[in-house]
>>> print(open('target.cif').read())   # mmCIF, C-alpha atoms and all ligand atoms
data_final
loop_
_atom_site.label_atom_id
_atom_site.label_comp_id
_atom_site.auth_asym_id
_atom_site.auth_seq_id
_atom_site.Cartn_x
_atom_site.Cartn_y
_atom_site.Cartn_z
CA MET M 16 91.31 131.85 76.31
CA SER M 17 92.92 128.95 74.47
CA ILE M 18 91.28 125.61 73.80
CA GLU M 19 93.97 124.04 75.99
CA SER M 20 92.32 125.53 79.06
CA LEU M 21 89.29 123.31 78.42
CA ALA M 22 91.36 120.13 78.05
CA ARG M 23 92.54 117.81 80.80
CA PRO M 24 95.68 119.46 82.25
CA GLU M 25 97.59 116.16 82.17
CA ILE M 26 96.98 115.87 78.42
CA VAL M 27 98.24 119.41 77.88
CA ALA M 28 101.29 118.70 80.05
CA MET M 29 102.29 115.35 78.59
CA ARG M 30 104.94 114.95 75.94
CA PRO M 31 103.28 113.14 72.99
CA TYR M 32 104.71 109.85 71.73
CA SER M 33 106.91 110.38 68.72
CA SER M 34 106.58 107.42 66.36
CA ALA M 35 109.37 106.22 64.08
CA ARG M 36 107.39 107.14 60.98
CA LYS M 37 106.71 110.63 62.32
CA GLU M 38 110.40 111.23 62.96
CA ALA M 39 111.54 109.82 59.59
CA PRO M 40 108.67 109.81 57.09
CA GLY M 41 109.78 106.80 55.03
CA GLU M 42 112.75 107.73 52.83
CA GLY M 43 116.16 106.00 52.88
CA ILE M 44 117.28 102.73 54.43
CA LEU M 45 114.73 102.24 57.15
CA LEU M 46 116.22 100.58 60.19
CA ASN M 47 114.40 102.67 62.79
CA ALA M 48 111.04 100.96 63.42
CA ASN M 49 111.84 97.26 63.92
CA GLU M 50 109.95 96.44 60.73
CA ALA M 51 110.69 93.49 58.45
CA PRO M 52 112.71 94.46 55.37
CA TRP M 53 110.33 92.61 53.01
CA SER M 54 106.61 92.08 52.67
CA LEU M 55 105.27 88.50 52.44
CA LEU M 56 102.43 89.64 50.20
CA ASP M 57 102.83 91.35 46.85
CA GLY M 58 101.10 94.74 47.05
CA SER M 59 99.21 96.12 44.08
CA ASP M 60 100.70 99.02 42.15
CA GLY M 61 100.92 102.18 44.19
CA GLU M 62 99.96 100.43 47.43
CA ALA M 63 102.21 100.97 50.42
CA PRO M 64 104.16 97.79 51.29
CA LEU M 65 102.69 95.99 54.30
CA ASN M 66 106.01 95.52 56.06
CA ARG M 67 106.21 99.27 56.69
CA TYR M 68 104.19 101.21 59.23
CA PRO M 69 101.73 103.54 57.49
CA GLU M 70 101.84 107.32 57.53
CA PRO M 71 100.33 108.43 60.87
CA GLN M 72 98.05 110.87 59.00
CA PRO M 73 98.22 110.00 55.29
CA LEU M 74 98.65 113.34 53.54
CA ALA M 75 96.85 112.43 50.30
CA LEU M 76 93.80 111.26 52.25
CA VAL M 77 93.84 114.28 54.58
CA GLU M 78 93.92 116.57 51.53
CA ARG M 79 91.15 114.67 49.75
CA LEU M 80 88.90 114.72 52.83
CA ALA M 81 89.62 118.42 53.37
CA ASP M 82 88.50 119.06 49.80
CA LEU M 83 85.40 116.90 50.25
CA TYR M 84 84.33 118.60 53.47
CA GLY M 85 85.30 122.14 52.41
CA VAL M 86 87.94 122.88 55.06
CA PRO M 87 91.72 123.44 54.93
CA PRO M 88 93.86 120.29 55.44
CA ASP M 89 95.09 121.50 58.83
CA GLN M 90 91.48 121.25 60.08
CA VAL M 91 91.32 117.48 59.37
CA LEU M 92 92.30 114.54 61.57
CA VAL M 93 91.59 111.15 59.98
CA THR M 94 90.28 108.51 62.38
CA ARG M 95 89.03 104.91 62.53
CA GLY M 96 85.44 105.98 61.95
CA SER M 97 83.65 108.67 63.94
CA ASP M 98 83.64 106.29 66.89
CA GLU M 99 87.34 106.95 67.37
CA GLY M 100 86.74 110.72 67.16
CA ILE M 101 84.13 110.50 69.94
CA ASP M 102 86.52 108.48 72.08
CA LEU M 103 89.47 110.85 71.56
CA LEU M 104 87.38 113.92 72.39
CA THR M 105 86.09 112.38 75.59
CA ARG M 106 89.53 111.28 76.70
CA VAL M 107 91.06 114.69 76.02
CA PHE M 108 88.38 116.94 77.50
CA CYS M 109 86.82 114.99 80.39
CA ARG M 110 88.56 114.37 83.69
CA ALA M 111 87.38 111.18 85.38
CA GLY M 112 85.09 111.86 88.31
CA GLN M 113 84.99 115.61 87.63
CA ASP M 114 83.76 116.51 84.15
CA ALA M 115 80.69 115.63 82.12
CA ILE M 116 79.33 115.42 78.62
CA LEU M 117 75.93 116.74 77.61
CA GLN M 118 73.75 114.76 75.23
CA SER M 119 70.15 114.89 74.06
CA PRO M 120 68.71 111.37 74.04
CA PRO M 121 67.42 109.46 72.26
CA THR M 122 70.63 109.80 70.29
CA PHE M 123 73.65 107.80 69.20
CA GLY M 124 74.70 105.54 72.07
CA MET M 125 78.46 105.89 71.82
CA TYR M 126 78.63 109.35 73.43
CA LYS M 127 77.44 107.86 76.69
CA ILE M 128 79.67 104.80 76.39
CA ALA M 129 82.74 106.95 75.73
CA ALA M 130 81.91 109.12 78.75
CA GLN M 131 81.31 106.13 81.01
CA ALA M 132 84.56 104.51 79.90
CA GLN M 133 86.37 107.73 80.78
CA GLY M 134 84.66 108.02 84.18
CA ALA M 135 82.90 111.22 83.12
CA ASP M 136 79.32 112.00 84.05
CA VAL M 137 76.54 112.13 81.45
CA VAL M 138 74.12 115.05 81.60
CA SER M 139 71.09 114.11 79.51
CA ILE M 140 68.52 116.59 78.29
CA PRO M 141 65.95 114.16 76.91
CA ARG M 142 63.65 114.81 74.00
CA SER M 143 60.03 113.97 74.50
CA ALA M 144 58.03 111.70 72.20
CA ALA M 145 55.00 113.90 72.85
CA ASP M 146 56.95 116.81 71.38
CA GLY M 147 58.05 114.97 68.22
CA PHE M 148 61.46 114.25 69.79
CA ARG M 149 62.55 117.86 69.27
CA MET M 150 65.71 118.88 71.05
CA GLN M 151 65.02 120.90 74.19
CA GLU M 152 67.15 123.81 73.08
CA GLN M 153 66.58 126.16 75.99
CA ALA M 154 67.12 123.34 78.51
CA ILE M 155 70.46 122.55 76.84
CA LEU M 156 71.56 126.19 77.09
CA ASP M 157 70.40 126.35 80.72
CA ALA M 158 72.25 123.14 81.63
CA LEU M 159 75.45 124.40 80.04
CA LYS M 160 75.18 127.61 82.03
CA ALA M 161 74.37 125.92 85.33
CA ASP M 162 76.69 122.90 85.25
CA ARG M 163 80.37 123.81 85.01
CA ARG M 164 81.32 120.15 84.73
CA ILE M 165 80.05 119.98 81.14
CA LYS M 166 83.05 120.00 78.81
CA LEU M 167 81.57 118.40 75.68
CA VAL M 168 78.16 119.00 74.14
CA PHE M 169 77.21 116.32 71.60
CA LEU M 170 74.72 117.34 68.92
CA THR M 171 73.82 114.98 66.09
CA SER M 172 72.59 116.35 62.78
CA PRO M 173 70.65 114.51 61.48
CA ASN M 174 70.12 112.72 64.76
CA ASN M 175 70.19 108.94 65.08
CA PRO M 176 67.50 107.61 65.51
CA THR M 177 65.03 110.51 65.27
CA GLY M 178 66.39 111.90 61.98
CA ASP M 179 65.94 115.60 62.83
CA VAL M 180 68.59 118.24 62.13
CA VAL M 181 70.05 120.80 64.53
CA ARG M 182 68.63 124.22 63.77
CA GLU M 183 71.34 126.58 62.57
CA VAL M 184 70.15 129.46 64.77
CA PHE M 185 70.35 127.20 67.80
CA LEU M 186 73.85 126.04 66.89
CA GLU M 187 74.93 129.67 66.55
CA THR M 188 73.52 130.55 69.99
CA LEU M 189 75.04 127.48 71.59
CA LEU M 190 78.45 128.15 70.04
CA GLU M 191 78.40 131.70 71.38
CA GLN M 192 77.37 130.60 74.87
CA ALA M 193 79.88 127.76 74.89
CA ARG M 194 82.84 129.97 73.93
CA ASP M 195 85.67 129.44 76.47
CA ARG M 196 83.29 127.12 78.29
CA ALA M 197 82.84 123.80 76.44
CA VAL M 198 83.52 122.04 73.15
CA VAL M 199 80.50 121.68 70.86
CA VAL M 200 80.61 118.51 68.77
CA VAL M 201 78.31 118.31 65.74
CA ASP M 202 78.17 114.69 64.61
CA GLU M 203 77.31 114.79 60.90
CA ALA M 204 77.43 111.05 60.20
CA TYR M 205 74.25 111.38 58.10
CA ALA M 206 74.77 114.90 56.74
CA GLU M 207 74.88 113.86 53.08
CA PHE M 208 71.27 112.65 53.30
CA CYS M 209 69.87 116.05 54.27
CA SER M 210 69.94 119.45 52.59
CA GLN M 211 71.22 121.49 55.54
CA PRO M 212 74.76 122.80 55.00
CA SER M 213 77.55 121.35 57.15
CA ALA M 214 78.58 123.14 60.35
CA ALA M 215 82.17 122.79 59.10
CA SER M 216 82.00 126.26 57.50
CA ARG M 217 81.82 127.75 61.04
CA ILE M 218 85.04 126.13 62.28
CA GLY M 219 87.14 129.20 61.43
CA GLY M 220 85.08 131.30 63.85
CA TYR M 221 84.92 128.87 66.75
CA PRO M 222 88.01 127.24 68.31
CA ASN M 223 85.63 125.06 70.37
CA LEU M 224 83.65 123.60 67.41
CA VAL M 225 84.21 120.03 66.24
CA VAL M 226 82.45 118.41 63.29
CA LEU M 227 82.53 114.63 62.88
CA ARG M 228 82.24 113.08 59.41
CA THR M 229 82.43 109.49 58.23
CA LEU M 230 82.62 107.40 55.08
CA SER M 231 80.45 104.73 56.78
CA LYS M 232 77.02 105.92 55.68
CA ALA M 233 76.71 108.04 52.53
CA TRP M 234 79.91 106.59 51.08
CA ALA M 235 78.70 103.04 51.61
CA ALA M 236 81.95 102.13 53.34
CA ALA M 237 81.16 101.17 56.94
CA GLY M 238 83.65 98.30 56.60
CA LEU M 239 86.47 100.70 55.84
CA ARG M 240 86.42 102.33 59.29
CA CYS M 241 87.36 105.76 58.05
CA GLY M 242 86.15 109.03 59.49
CA ALA M 243 87.36 112.55 60.11
CA VAL M 244 87.42 115.01 62.98
CA LEU M 245 87.22 118.57 61.66
CA ALA M 246 88.31 121.40 63.97
CA GLN M 247 90.87 124.17 64.32
CA PRO M 248 94.49 122.92 64.37
CA GLU M 249 94.97 123.78 68.08
CA LEU M 250 92.12 121.47 69.08
CA LEU M 251 93.31 118.71 66.72
CA ALA M 252 96.80 119.01 68.22
CA LEU M 253 95.32 117.92 71.56
CA LEU M 254 93.67 114.87 69.96
CA ARG M 255 96.97 113.98 68.24
CA ARG M 256 98.48 113.60 71.70
CA VAL M 257 96.31 110.58 72.49
CA ILE M 258 95.50 109.04 69.11
CA ALA M 259 97.19 105.71 68.36
CA PRO M 260 100.45 106.26 66.44
CA TYR M 261 99.17 104.59 63.26
CA PRO M 262 95.35 104.68 63.31
CA LEU M 263 94.84 103.94 59.63
CA PRO M 264 96.11 100.67 58.13
CA SER M 265 97.75 101.31 54.75
CA PRO M 266 95.22 99.13 52.81
CA VAL M 267 92.40 101.22 54.32
CA THR M 268 94.04 104.44 53.17
CA ALA M 269 94.55 103.02 49.68
CA LEU M 270 90.92 101.91 49.49
CA ALA M 271 89.64 105.23 50.88
CA LEU M 272 91.61 107.12 48.23
CA ARG M 273 90.19 104.86 45.51
CA MET M 274 86.74 105.39 46.94
CA LEU M 275 87.02 109.17 46.81
CA GLN M 276 88.12 109.36 43.17
CA SER M 277 85.92 111.35 40.82
CA ASP M 278 84.53 108.31 38.95
CA VAL M 279 83.25 106.88 42.25
CA LEU M 280 81.87 110.30 43.17
CA ALA M 281 79.41 110.04 40.28
CA ARG M 282 78.32 106.59 41.53
CA GLN M 283 77.96 107.94 45.05
CA ARG M 284 75.66 110.74 43.84
CA GLN M 285 73.57 108.18 42.01
CA MET M 286 73.43 106.02 45.14
CA LEU M 287 72.20 108.96 47.23
CA GLN M 288 69.44 109.58 44.66
CA ASP M 289 68.50 105.89 44.66
CA LEU M 290 68.38 105.85 48.45
CA ALA M 291 66.18 108.97 48.49
CA ALA M 292 63.77 107.24 46.08
CA ASN M 293 63.87 104.02 48.12
CA LYS M 294 63.10 106.00 51.25
CA GLN M 295 59.87 107.20 49.65
CA THR M 296 59.06 103.58 48.74
CA LEU M 297 59.76 102.49 52.31
CA LEU M 298 57.59 105.27 53.74
CA ALA M 299 54.77 104.29 51.37
CA ALA M 300 55.14 100.65 52.45
CA LEU M 301 54.72 101.67 56.11
CA ASP M 302 52.21 104.48 55.84
CA GLY M 303 48.61 103.61 56.67
CA ARG M 304 49.30 100.21 58.20
CA PRO M 305 46.84 99.81 61.06
CA PHE M 306 49.49 98.69 63.55
CA VAL M 307 51.79 101.68 62.87
CA ASP M 308 50.84 104.35 65.39
CA GLU M 309 53.48 106.86 64.27
CA LEU M 310 55.84 107.15 61.32
CA ILE M 311 58.86 109.42 61.64
CA ALA M 312 60.51 110.07 58.27
CA GLY M 313 63.45 112.19 59.45
CA GLU M 314 66.19 113.43 57.15
CA ALA M 315 68.57 110.48 57.08
CA ASN M 316 68.77 107.00 55.56
CA PHE M 317 66.42 105.48 58.12
CA VAL M 318 62.90 105.96 59.44
CA MET M 319 61.20 105.11 62.73
CA ILE M 320 57.84 103.59 63.49
CA ARG M 321 55.97 103.35 66.77
CA VAL M 322 54.01 100.17 67.33
CA GLU M 323 52.40 98.31 70.21
CA GLY M 324 54.39 95.15 70.91
CA ALA M 325 57.59 96.33 69.22
CA THR M 326 59.52 93.40 70.67
CA ASP M 327 57.13 90.87 69.17
CA LEU M 328 57.20 92.55 65.78
CA LEU M 329 61.01 92.65 65.83
CA ALA M 330 61.12 88.94 66.66
CA PHE M 331 58.56 88.15 63.95
CA CYS M 332 60.58 90.04 61.33
CA ALA M 333 63.82 88.39 62.49
CA SER M 334 62.21 84.94 62.25
CA ARG M 335 61.52 85.77 58.58
CA GLY M 336 65.08 86.96 58.04
CA VAL M 337 64.43 90.71 58.19
CA ILE M 338 66.47 92.39 60.90
CA LEU M 339 65.30 95.74 62.24
CA ARG M 340 66.58 97.81 65.14
CA GLY M 341 64.63 97.90 68.38
CA PHE M 342 65.40 99.67 71.63
CA PRO M 343 63.92 97.43 74.34
CA ALA M 344 66.19 98.81 77.07
CA ASP M 345 65.51 102.47 76.29
CA ALA M 346 62.58 103.97 78.20
CA LEU M 347 62.13 106.71 75.58
CA LEU M 348 62.14 104.32 72.63
CA ARG M 349 60.68 101.05 73.88
CA ARG M 350 57.83 101.19 71.41
CA TYR M 351 59.89 102.38 68.46
CA ILE M 352 61.62 100.48 65.68
CA ARG M 353 64.26 101.98 63.41
CA ILE M 354 64.36 100.79 59.81
CA SER M 355 67.31 101.54 57.52
CA VAL M 356 66.59 102.38 53.89
CA GLY M 357 67.74 99.34 51.96
CA SER M 358 67.51 98.18 48.36
CA ALA M 359 64.18 97.85 46.52
CA GLN M 360 64.33 94.08 47.16
CA ASP M 361 64.95 94.65 50.87
CA ILE M 362 61.88 96.89 51.06
CA ASP M 363 59.76 94.35 49.15
CA ALA M 364 60.86 91.64 51.58
CA LEU M 365 60.05 93.84 54.58
CA ALA M 366 56.63 94.75 53.13
CA ALA M 367 55.79 91.07 52.64
CA VAL M 368 56.71 90.28 56.24
CA LEU M 369 54.64 93.23 57.48
CA ASP M 370 51.68 92.01 55.38
CA ASP M 371 51.95 88.64 57.14
CA TRP M 372 52.15 90.34 60.56
CA GLU M 373 49.09 92.42 59.74
CA ASN M 374 47.11 89.38 58.53
CA GLN M 375 47.88 87.25 61.57
CA ALA M 376 47.11 90.07 64.03
C1 LIG I 1 75.29 109.53 64.74
C2 LIG I 1 76.38 108.55 64.52
N1 LIG I 1 77.65 108.94 64.72
C3 LIG I 1 78.66 108.10 64.53
C4 LIG I 1 78.46 106.80 64.14
C5 LIG I 1 79.64 105.90 64.00
O1 LIG I 1 80.17 106.06 62.74
P1 LIG I 1 81.50 105.35 62.27
O2 LIG I 1 81.12 104.15 61.49
O3 LIG I 1 82.17 106.40 61.43
O4 LIG I 1 82.31 105.02 63.48
C6 LIG I 1 77.17 106.34 63.94
C7 LIG I 1 76.92 104.94 63.55
O5 LIG I 1 75.84 104.45 63.43
C8 LIG I 1 76.10 107.24 64.13
O6 LIG I 1 74.83 106.86 63.97
#
>>> encode(input="target.cif", output="structure tokens", more="lines below")
Ligand SMILES: Cc1ncc(COP(=O)(O)O)c(C=O)c1O
Amino acid sequence: MSIESLARPEIVAMRPYSSARKEAPGEGILLNANEAPWSLLDGSDGEAPLNRYPEPQPLALVERLADLYGVPPDQVLVTRGSDEGIDLLTRVFCRAGQDAILQSPPTFGMYKIAAQAQGADVVSIPRSAADGFRMQEQAILDALKADRRIKLVFLTSPNNPTGDVVREVFLETLLEQARDRAVVVVDEAYAEFCSQPSAASRIGGYPNLVVLRTLSKAWAAAGLRCGAVLAQPELLALLRRVIAPYPLPSPVTALALRMLQSDVLARQRQMLQDLAANKQTLLAALDGRPFVDELIAGEANFVMIRVEGATDLLAFCASRGVILRGFPADALLRRYIRISVGSAQDIDALAAVLDDWENQA
């Protein structure tokens, strides 16, 4: 069975838009894309001129990301952050009013938003706080078996906001059971912070496996909006049918390539070590405080605490200029606060505010 049989038939049937740059990749006298013949800004050396549309999938960046993530270049689609990957997947695989995604909340909120925007249903297999927010693995397998509407299963490893990783044996079982049945998406936005190997090495064996990666977190480049969808070429070909013709602005590609050079790689490794050390400092600053009922360390660049009166504590911190993430509208997380691992100064500032909170309580 081909991956096309899982996609929306109208996506499979449609003839994809052929952009000017795709038809003529940028050599010769270019009078085919209604571009201006000159740029009004001087570009730096080696930068693509702004008057020209960028490469739809910049080859140098695709190759660099393939190398970084340990897959062949034909298994890489570069996107505007993972958010765009989530959106493309939902649009390609879910028919409005008929299909569904499966998610395991609490988890990253954009899976649900993408499904709702597409008119797809959301099957949630919630984790329970009483159970340490572990994924309900058997319930996920059962739901997939019972509900034929499920076309996309979103797993997040490490998960946001609980920080736990997907067990490899579970992923293996799920991939087997989802063969010819649904696409399994492993969102690895925080993978660099944990020691578990990427699921990307399994892509060769599973035409229905997608891995999402991003430069937003462990590459300290959330402002760049650069991510990658990793999957077999046949699945990526379906996403190419709906992706915008030029998703990556040429300055973004130039910056991403600069970012991924070997001299920056050494700085990135150092940053990951510094963040790991700061995480220990943050945990120590939270541990043992009388108002912290639970401290979840997780395996990513954030931690969670459970407190009575989370909303008041969030407001108190904000009034002192320290902004944390609360979840007041989420029944599972109402009492939890997520705290990103910041700089040593950030943690000192947070600790001082928490001291004040403790003293006034
Ligand atoms: C699990 C997860 N996936 C994806 C994203 C979005 O990443 P990007 O900045 O690449 O769009 C986030 C952002 O917080 C996230 O937590």
>>> residues_near_ligand(input="target.cif", ligand="ligand LIG 1 (chain I)", cutoff="9 Å", atoms="all atoms listed in the file", output="number ranges by chain")
M: 94-101, 122-126, 170-176, 202-205, 227-232, 236-243
>>> write_last_selection(input="target.cif", atoms="C-alpha atoms", output="PDB file, keeping the file's coordinate frame")
ATOM      1  CA  THR M  94      90.280 108.510  62.380  1.00  0.00           C
ATOM      2  CA  ARG M  95      89.030 104.910  62.530  1.00  0.00           C
ATOM      3  CA  GLY M  96      85.440 105.980  61.950  1.00  0.00           C
ATOM      4  CA  SER M  97      83.650 108.670  63.940  1.00  0.00           C
ATOM      5  CA  ASP M  98      83.640 106.290  66.890  1.00  0.00           C
ATOM      6  CA  GLU M  99      87.340 106.950  67.370  1.00  0.00           C
ATOM      7  CA  GLY M 100      86.740 110.720  67.160  1.00  0.00           C
ATOM      8  CA  ILE M 101      84.130 110.500  69.940  1.00  0.00           C
ATOM      9  CA  THR M 122      70.630 109.800  70.290  1.00  0.00           C
ATOM     10  CA  PHE M 123      73.650 107.800  69.200  1.00  0.00           C
ATOM     11  CA  GLY M 124      74.700 105.540  72.070  1.00  0.00           C
ATOM     12  CA  MET M 125      78.460 105.890  71.820  1.00  0.00           C
ATOM     13  CA  TYR M 126      78.630 109.350  73.430  1.00  0.00           C
ATOM     14  CA  LEU M 170      74.720 117.340  68.920  1.00  0.00           C
ATOM     15  CA  THR M 171      73.820 114.980  66.090  1.00  0.00           C
ATOM     16  CA  SER M 172      72.590 116.350  62.780  1.00  0.00           C
ATOM     17  CA  PRO M 173      70.650 114.510  61.480  1.00  0.00           C
ATOM     18  CA  ASN M 174      70.120 112.720  64.760  1.00  0.00           C
ATOM     19  CA  ASN M 175      70.190 108.940  65.080  1.00  0.00           C
ATOM     20  CA  PRO M 176      67.500 107.610  65.510  1.00  0.00           C
ATOM     21  CA  ASP M 202      78.170 114.690  64.610  1.00  0.00           C
ATOM     22  CA  GLU M 203      77.310 114.790  60.900  1.00  0.00           C
ATOM     23  CA  ALA M 204      77.430 111.050  60.200  1.00  0.00           C
ATOM     24  CA  TYR M 205      74.250 111.380  58.100  1.00  0.00           C
ATOM     25  CA  LEU M 227      82.530 114.630  62.880  1.00  0.00           C
ATOM     26  CA  ARG M 228      82.240 113.080  59.410  1.00  0.00           C
ATOM     27  CA  THR M 229      82.430 109.490  58.230  1.00  0.00           C
ATOM     28  CA  LEU M 230      82.620 107.400  55.080  1.00  0.00           C
ATOM     29  CA  SER M 231      80.450 104.730  56.780  1.00  0.00           C
ATOM     30  CA  LYS M 232      77.020 105.920  55.680  1.00  0.00           C
ATOM     31  CA  ALA M 236      81.950 102.130  53.340  1.00  0.00           C
ATOM     32  CA  ALA M 237      81.160 101.170  56.940  1.00  0.00           C
ATOM     33  CA  GLY M 238      83.650  98.300  56.600  1.00  0.00           C
ATOM     34  CA  LEU M 239      86.470 100.700  55.840  1.00  0.00           C
ATOM     35  CA  ARG M 240      86.420 102.330  59.290  1.00  0.00           C
ATOM     36  CA  CYS M 241      87.360 105.760  58.050  1.00  0.00           C
ATOM     37  CA  GLY M 242      86.150 109.030  59.490  1.00  0.00           C
ATOM     38  CA  ALA M 243      87.360 112.550  60.110  1.00  0.00           C
TER      39      ALA M 243
END
>>> residues_near_point(input="target.cif", point="(92.6, 116.2, 50.6)", cutoff="12 Å", atoms="all atoms listed in the file", output="list in words")
Gln72, Pro73, Leu74, Ala75, Leu76, Val77, Glu78, Arg79, Leu80, Ala81, Asp82, Leu83, Tyr84, Gly85, Val86, Pro87, Pro88, Asp89, Gln90, Val91, Leu92, Val93, Ala243, Ala271, Leu272, Leu275 and Gln276 of chain M
>>> atom_distance(input="target.cif", atom1="CA of Trp53 (chain M)", atom2="CA of Pro69 (chain M)")
14.6 Å
>>> residues_around(input="target.cif", residues="Cys109 (chain M)", least_positions_apart="3", cutoff="9 Å", atoms="all atoms listed in the file", output="ChimeraX atom specification")
/M:21-23,104-106,112-116,130,133-136,164-167
>>> closest_residue(input="target.cif", among="M:Ala325, M:Ala281, M:Val27, M:Leu290", to="Leu348 (chain M)", atoms="all atoms listed in the file")
M:Ala325
>>> closest_residue(input="target.cif", among="M:Thr177, M:Ser277, M:Gln295, M:Ser358", to="Gly313 (chain M)", atoms="only C-alpha atoms")
M:Thr177
>>> atom_distance(input="target.cif", atom1="CA of Asp289 (chain M)", atom2="CA of Trp372 (chain M)")
27.6 Å
>>> residues_around(input="target.cif", residues="Pro40 (chain M)", least_positions_apart="4", cutoff="12 Å", atoms="only C-alpha atoms", output="ChimeraX atom specification")
/M:33-36,44-45,47-48,67-74
>>> atom_distance(input="target.cif", atom1="CA of Val356 (chain M)", atom2="CA of Asn316 (chain M)")
5.4 Å
>>> closest_residue(input="target.cif", among="M:Leu369, M:Ala291, M:Arg335, M:Pro260", to="Lys37 (chain M)", atoms="only C-alpha atoms")
M:Pro260
>>> closest_residue(input="target.cif", among="M:Ala51, M:Gly324, M:Pro264, M:Asp278", to="Asp308 (chain M)", atoms="only C-alpha atoms")
M:Gly324
>>> closest_residue(input="target.cif", among="M:Glu19, M:Asp102, M:Asp157, M:Glu152", to="Gln131 (chain M)", atoms="all atoms listed in the file")
M:Asp102
>>> residues_near_point(input="target.cif", point="(83.8, 122.3, 68.0)", cutoff="12 Å", atoms="only C-alpha atoms", output="NGL selection string")
:M and (18 or 21 or 90 or 100-101 or 104 or 108 or 166-170 or 186-187 or 189-191 or 193-202 or 214-227 or 244-251)
>>> closest_residue(input="target.cif", among="M:Gly303, M:Pro343, M:Pro31, M:Pro24", to="Val257 (chain M)", atoms="only C-alpha atoms")
M:Pro31
